[in-house]
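Structure record follows, encoded as structure tokens.
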Amino acid sequence: MVAGSQSNEGLVKDIINVIQASDLGWTLKRAVQDELSKSFVNVKDIKRLVPVFMKESGWDIKVRNVVFMYLMTHTPPSHPITPPETLKEPMSFIRNAQARWEKRILKSINTMCTEKNIPLARMRTIREQADFTQKWKDMAFSDENMGDIRPVYAPKDFMEVLTSLSSPNYTAKIYDYSDVNERSGTSVWGLIQVRLHLKTTQQLRVLFSNLSTHHFQTGADDIEGPNPEWQRLGVKTVQLGYTPTAQRYLQQGCYPTQRGDIWLLALGVDNSPLSYQYYNQLKASVFKYELLVDRLFLQDVRLTAGNHEAYFVFEDLVVQILLCFSRDTQFLDHFKRTSASPPHAYTRNNMGETDHTVVYPPNGIIPFHGFSLFLAPMCFIWSDPVILYNVFKALYTRFFFRLHSLSSHPQGILSLCQQFETMLQTHQPQLFYHLREMGSHPLKHAFTWIMHAFAGYLETAQLLLLWDRIIGYNTLEILPVLAVAVFAFRRNNLMEEGMQSAEYYFDQVRAILTYNGNEQDIQINYGMLLLSILCWCFTVLRVFNTIPDFCWFTFSCLYILFGVQIGICVFVQCIGISGVWCAMVGFAYRMWVHSPADPVLSNKLIVFATFGSYIWANFHYFKTESNFTTICHLVATWLGYEANNIWIKSHQQRDERQKGKTK
Amino acid sequence: MFSCKTSAPEDTILRSSLRSPISLPIGDHNSGCKVIDLNFHGATVHIGEISFFNNYTAYITIKFRKRSLSGFPATPDQPRSGSVWHTLVPKTRLMADPHCENGGQDFRIFGPNQMSADAEDVTGLRFICKQPSPHWKSFGIDEIKCYSRADMIQTPRSSKQEDPLAEMSKSAASNISLPNAGNISLYLQNLHSLSSITSAALTPSLTAQALGRFDEENCYEINTLAYN
């Protein structure tokens, strides 16, 4: 272990370097220099006067803020012989799993590039740069076709990786006596298989003690109106300008009017002129180079933030900031604290030269489905893109990066998911077991909430109150606590939903018949059903002598067909009624082909229209749906055709028997 | 046999041999305790630091054996000092919870601050590893390395910096004809700027990073990502 004094010495040195490299360092030096250059200052008194001057002029608070932020975000310097990979992630199997996951992402991107024939990065021509500059303000409405670009991965894919992860050295088997059966001591009921050390409920109670009902809570205790006392305290906090005070204030939430100032203070965001210059530089990089990642971001914004009822108005702003974000190399620093590694690539000039690799994208972060939701809610607080960018940068490098990389860190997604499962099992065992038995595992619902930090799932006002607490407590551990609380709050509904099985199956049948509300599918399939019934009427009616016989036969067939269709859908978890009309068309086709030609032209037209529509609908689903759907349609048609064959034969045999009897 | 190969300079690492871990069973069952012995080929060493990779050991105790000072044979009342194991590092927790992964594969370093005795004239080390949880298929410690006290790797310390103000005050007191403080601060400022420029020139990569450049020789045209 590093000796305490050595460790402190290294820490102090690191902090001094940070201050000296920052804008604050230069401004501070200039201010001190100006003060000392005053004629009455004696050289002998400099050492004594500098601290006094710093305290009186308020500089000491700014320095204290930087020191506090450094201590909050950095781990103490490690011993020089510590292997660097263990600093990123000590558990080797988690490191390897992260590496495999990253390789999978890289392969997916390379395949996308090869299939679509798009370069990963290229320099724009002067003309293209000019065009791009013009449409910068309307980025979201650019006419670029994004139809064939899909997100590299979605939370569901990442969850599969998390749930498949297990320690090679772990065994649930405790006793191995030959005369005793295997007993699982800690049977893993949750989806997360890795056992990590988590905070107990009591420790969480102590950590989040300021969330207790004894304290005033913004968003909960002010339904009748804002609390003036709390507002006054907020003003005082901003005036004081001290980061720890702002963090403490946020533990109980803040009002929207003060959120901007308090967040800036609590996150230590400095919107100096230098940061504006830096943002412009990033913007210039966006204009200069075109990246594949740009399309991924654009597509993600269109699908998520731009498609959200609250955030769609900020679509342009979100796209602009995310494009600048992808060019920011300062994000590479955070990879020292995470198991993730940035992807590398060879530039065209240095193909295959390992010494000349570049990071791709420049910030090393590949976006996933819903990434823009981390940024969109903050657009309600600031409109200046530079401030927004700086706050997003602070939030991402402090919290959000942990939500999409495999890690054994207490705030990593693995720990958060396990915390959720453990807490729900502990406090709502019946609910947990019930949902698990229903095949609707709680984590499957809560995972996207946690991975998106509830962005897109809570109303913006509530979401920002939650993020207040994340900043205030400097931890993401509140996310699983909230997820458990949501389940506990909806406990009765969730328990009832399963208990009332009739209602459950009714909902399922409704979903099958209404295509989950997809209007296009409803129109196509119910149109086809109508046509197939008409076709059926014109072809099958001629066989029957009386209308009631025909009606009885038709309704019996429809009843059987719908029964079989719903049964299959419930069994294989699919939706739709296409099997019904396919079978009816197959039946009618066999009837039409083997019957004498119908002399009525209108009948002919309807039958041919039905067969034509049948071919069109099948071709449509062949293009849009999986091949399995088309195979099912063809099988249903063939079954209908064969059913008619059997029916006709039995019909003929019955007629012959009747004729024989009459003779 | 255990050979010490590391990325650190080899001369700082003590050459040692490792005996394969011995499990202490209770009847037919595993007791959750293993003993690993390390000797230094008969040499006596002064140990400054010990490092290893934990492999799911929950608690560790390190003991050492000193060189025998007397040539007389040991008696039951007075055993030879060479046969007595002294505690070097008392029982230390390596995993926060023995049933959980955390700390199971950490890289651990024990320095003088964690050692309860001065590890001088050491002829052998004994690592007593304990894992009370039955959930782990195997446990132990890997890649044990001992560093001699003389060559102990130090955290880079900053050299003792002279206080420029004190120097200035001293010279100001001794030399009455010194120019005024304004001039001195001006000179100091120039000197500081010069040193800043020099240090910036010496660390081009840092400068490039600070500037946010991501292209290589003004080229960032990429077709495929590298897998390694």
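Naming works like this for the structure tokens: A, B, ... for the chains as they're shown, residue 1 at the start of each chain, ligands 1 onward in shown order.
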Next item on the list: Could you list the residues in chain B lying within 7 Å of chain A, using only C-alpha atoms, and format the result as a ChimeraX atom specification?
Entry: /B:8,96-97,100-102,105-107,109-111,113,134-138,155,169,181-182,209,212,214-216,219-227
Neighbour list for B:Glu120 as an MDAnalysis selection string, cut-off 7 Å, only C-alpha atoms, skip fewer than 6 positions in-chain = chainID B and resid 45:47
Give me, as a list in words, all polymer residues having an atom no more than 9 Å from A:Val509, counting only C-alpha atoms and skipping those fewer than 2 positions away in the same chain. Tyr504, Tyr505, Phe506, Asp507, Ala511, Ile512, Leu513, Thr514, Ile566, Cys569, Val570 and Ile575 of chain A
Kindly save the residues from that selection, with all heavy atoms included, as a CSV table (one decimal), in the first residue's frame.
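So again-v5.csv came out as:
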```csv
chain,number,residue,atom,x,y,z
A,504,TYR,N,-56.2,-11.0,-18.4
A,504,TYR,CA,-54.9,-11.1,-19.1
A,504,TYR,C,-55.1,-11.7,-20.5
A,504,TYR,O,-54.5,-11.2,-21.5
A,504,TYR,CB,-54.0,-11.9,-18.2
A,504,TYR,CG,-52.7,-12.3,-18.9
A,504,TYR,CD1,-51.7,-11.4,-19.0
A,504,TYR,CD2,-52.4,-13.6,-19.3
A,504,TYR,CE1,-50.5,-11.7,-19.6
A,504,TYR,CE2,-51.3,-14.0,-19.9
A,504,TYR,CZ,-50.3,-13.0,-20.1
A,504,TYR,OH,-49.1,-13.3,-20.7
A,505,TYR,N,-55.8,-12.8,-20.6
A,505,TYR,CA,-55.9,-13.5,-21.9
A,505,TYR,C,-56.8,-12.7,-22.8
A,505,TYR,O,-56.6,-12.6,-24.0
A,505,TYR,CB,-56.5,-14.9,-21.7
A,505,TYR,CG,-55.5,-15.9,-21.2
A,505,TYR,CD1,-55.5,-16.4,-19.9
A,505,TYR,CD2,-54.4,-16.2,-22.0
A,505,TYR,CE1,-54.5,-17.3,-19.5
A,505,TYR,CE2,-53.4,-17.1,-21.6
A,505,TYR,CZ,-53.5,-17.6,-20.3
A,505,TYR,OH,-52.5,-18.4,-19.9
A,506,PHE,N,-57.8,-11.9,-22.2
A,506,PHE,CA,-58.6,-11.1,-23.0
A,506,PHE,C,-57.7,-10.0,-23.7
A,506,PHE,O,-57.8,-9.7,-24.9
A,506,PHE,CB,-59.7,-10.4,-22.2
A,506,PHE,CG,-60.5,-9.4,-22.9
A,506,PHE,CD1,-61.5,-9.9,-23.8
A,506,PHE,CD2,-60.4,-8.1,-22.7
A,506,PHE,CE1,-62.3,-9.0,-24.5
A,506,PHE,CE2,-61.1,-7.2,-23.4
A,506,PHE,CZ,-62.1,-7.6,-24.3
A,507,ASP,N,-56.8,-9.4,-22.9
A,507,ASP,CA,-55.9,-8.4,-23.5
A,507,ASP,C,-55.0,-9.0,-24.6
A,507,ASP,O,-54.7,-8.4,-25.6
A,507,ASP,CB,-55.0,-7.9,-22.3
A,507,ASP,CG,-55.7,-6.9,-21.5
A,507,ASP,OD1,-56.8,-6.5,-21.9
A,507,ASP,OD2,-55.2,-6.6,-20.4
A,511,ALA,N,-54.9,-7.9,-28.4
A,511,ALA,CA,-53.7,-7.5,-29.1
A,511,ALA,C,-53.5,-8.3,-30.4
A,511,ALA,O,-53.1,-7.8,-31.4
A,511,ALA,CB,-52.5,-7.8,-28.2
A,512,ILE,N,-53.9,-9.6,-30.4
A,512,ILE,CA,-53.8,-10.4,-31.6
A,512,ILE,C,-54.7,-9.9,-32.7
A,512,ILE,O,-54.3,-9.8,-33.8
A,512,ILE,CB,-54.1,-11.9,-31.2
A,512,ILE,CG1,-53.0,-12.5,-30.4
A,512,ILE,CG2,-54.2,-12.7,-32.5
A,512,ILE,CD1,-53.3,-13.8,-29.7
A,513,LEU,N,-55.9,-9.6,-32.3
A,513,LEU,CA,-56.9,-9.2,-33.3
A,513,LEU,C,-56.7,-7.8,-33.8
A,513,LEU,O,-57.1,-7.4,-34.9
A,513,LEU,CB,-58.3,-9.3,-32.7
A,513,LEU,CG,-58.8,-10.7,-32.3
A,513,LEU,CD1,-60.2,-10.7,-31.7
A,513,LEU,CD2,-58.7,-11.7,-33.5
A,514,THR,N,-56.1,-6.9,-32.9
A,514,THR,CA,-55.9,-5.5,-33.3
A,514,THR,C,-54.5,-5.2,-33.7
A,514,THR,O,-54.2,-4.0,-33.9
A,514,THR,CB,-56.4,-4.6,-32.2
A,514,THR,OG1,-55.6,-4.9,-31.1
A,514,THR,CG2,-57.8,-4.7,-31.9
A,566,ILE,N,-55.8,-17.9,-33.1
A,566,ILE,CA,-55.6,-17.3,-31.8
A,566,ILE,C,-54.7,-18.3,-30.9
A,566,ILE,O,-53.8,-17.9,-30.2
A,566,ILE,CB,-56.9,-16.9,-31.1
A,566,ILE,CG1,-57.5,-15.7,-31.8
A,566,ILE,CG2,-56.6,-16.5,-29.6
A,566,ILE,CD1,-58.9,-15.3,-31.4
A,569,CYS,N,-51.2,-18.1,-32.1
A,569,CYS,CA,-50.6,-16.8,-31.7
A,569,CYS,C,-50.2,-16.8,-30.2
A,569,CYS,O,-49.1,-16.3,-29.8
A,569,CYS,CB,-51.5,-15.7,-32.0
A,569,CYS,SG,-51.6,-15.3,-33.7
A,570,VAL,N,-51.1,-17.3,-29.4
A,570,VAL,CA,-50.8,-17.4,-27.9
A,570,VAL,C,-49.6,-18.3,-27.7
A,570,VAL,O,-48.7,-18.0,-26.9
A,570,VAL,CB,-52.1,-17.8,-27.1
A,570,VAL,CG1,-51.7,-18.1,-25.7
A,570,VAL,CG2,-53.2,-16.8,-27.2
A,575,ILE,N,-48.8,-12.1,-33.3
A,575,ILE,CA,-50.1,-11.4,-33.4
A,575,ILE,C,-50.6,-11.5,-34.9
A,575,ILE,O,-49.8,-11.7,-35.8
A,575,ILE,CB,-50.0,-10.0,-33.0
A,575,ILE,CG1,-48.9,-9.2,-33.7
A,575,ILE,CG2,-49.9,-9.9,-31.5
A,575,ILE,CD1,-49.0,-7.7,-33.5
```
**OP:** Fewer than 5 positions away in the same chain doesn't count, so skip those; otherwise give me all residues within 12 Å of A:Trp581, counting only C-alpha atoms, as JSON, numbers by chain.
**Re:** {"A": [524, 525, 526, 527, 528, 529, 530, 531, 532, 533, 534, 535, 536, 557, 558, 561, 562, 565, 576, 586, 587, 588, 589, 610, 611, 613, 614, 617, 618, 632, 633, 634, 636, 637, 638, 639, 640]}
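Relative to atom CA of A:Val66, atom CA of A:Arg48 is found at 22.5 Å.
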Counting only C-alpha atoms, closest pick from B:Asn218, B:Ser20, B:Ser51, B:Thr57 relative to B:Gly103 is B:Thr57
Residues near A:Leu264, anyone? I mean within 10 Å using only C-alpha atoms, not counting same-chain ones fewer than 2 positions away, as a list of chain:residue names. A:Val238, A:Gly241, A:Thr243, A:Ala246, A:Arg259, A:Gly260, A:Asp261, A:Ile262, A:Ala266, A:Leu267, A:Gly268, A:Val269, A:Asp270, A:Asn271, A:Ile387, A:Asn390, A:Val391, A:Ala394
Strand (DSSP E or B) residues, from DSSP on the backbone, in stretch 24-77 of chain B, as number ranges by chain | B: 24-26, 29-39, 45, 47-55, 59-66
TODO: Excluding stretch 121-131 of chain B and any residue of its chain fewer than 6 positions from it, enumerate the residues within 9 Å of it, using only C-alpha atoms, and give them as a PyMOL selection string.
DONE: chain B and resi 16+31-47+56-67+82+85+88+91+98+139-141
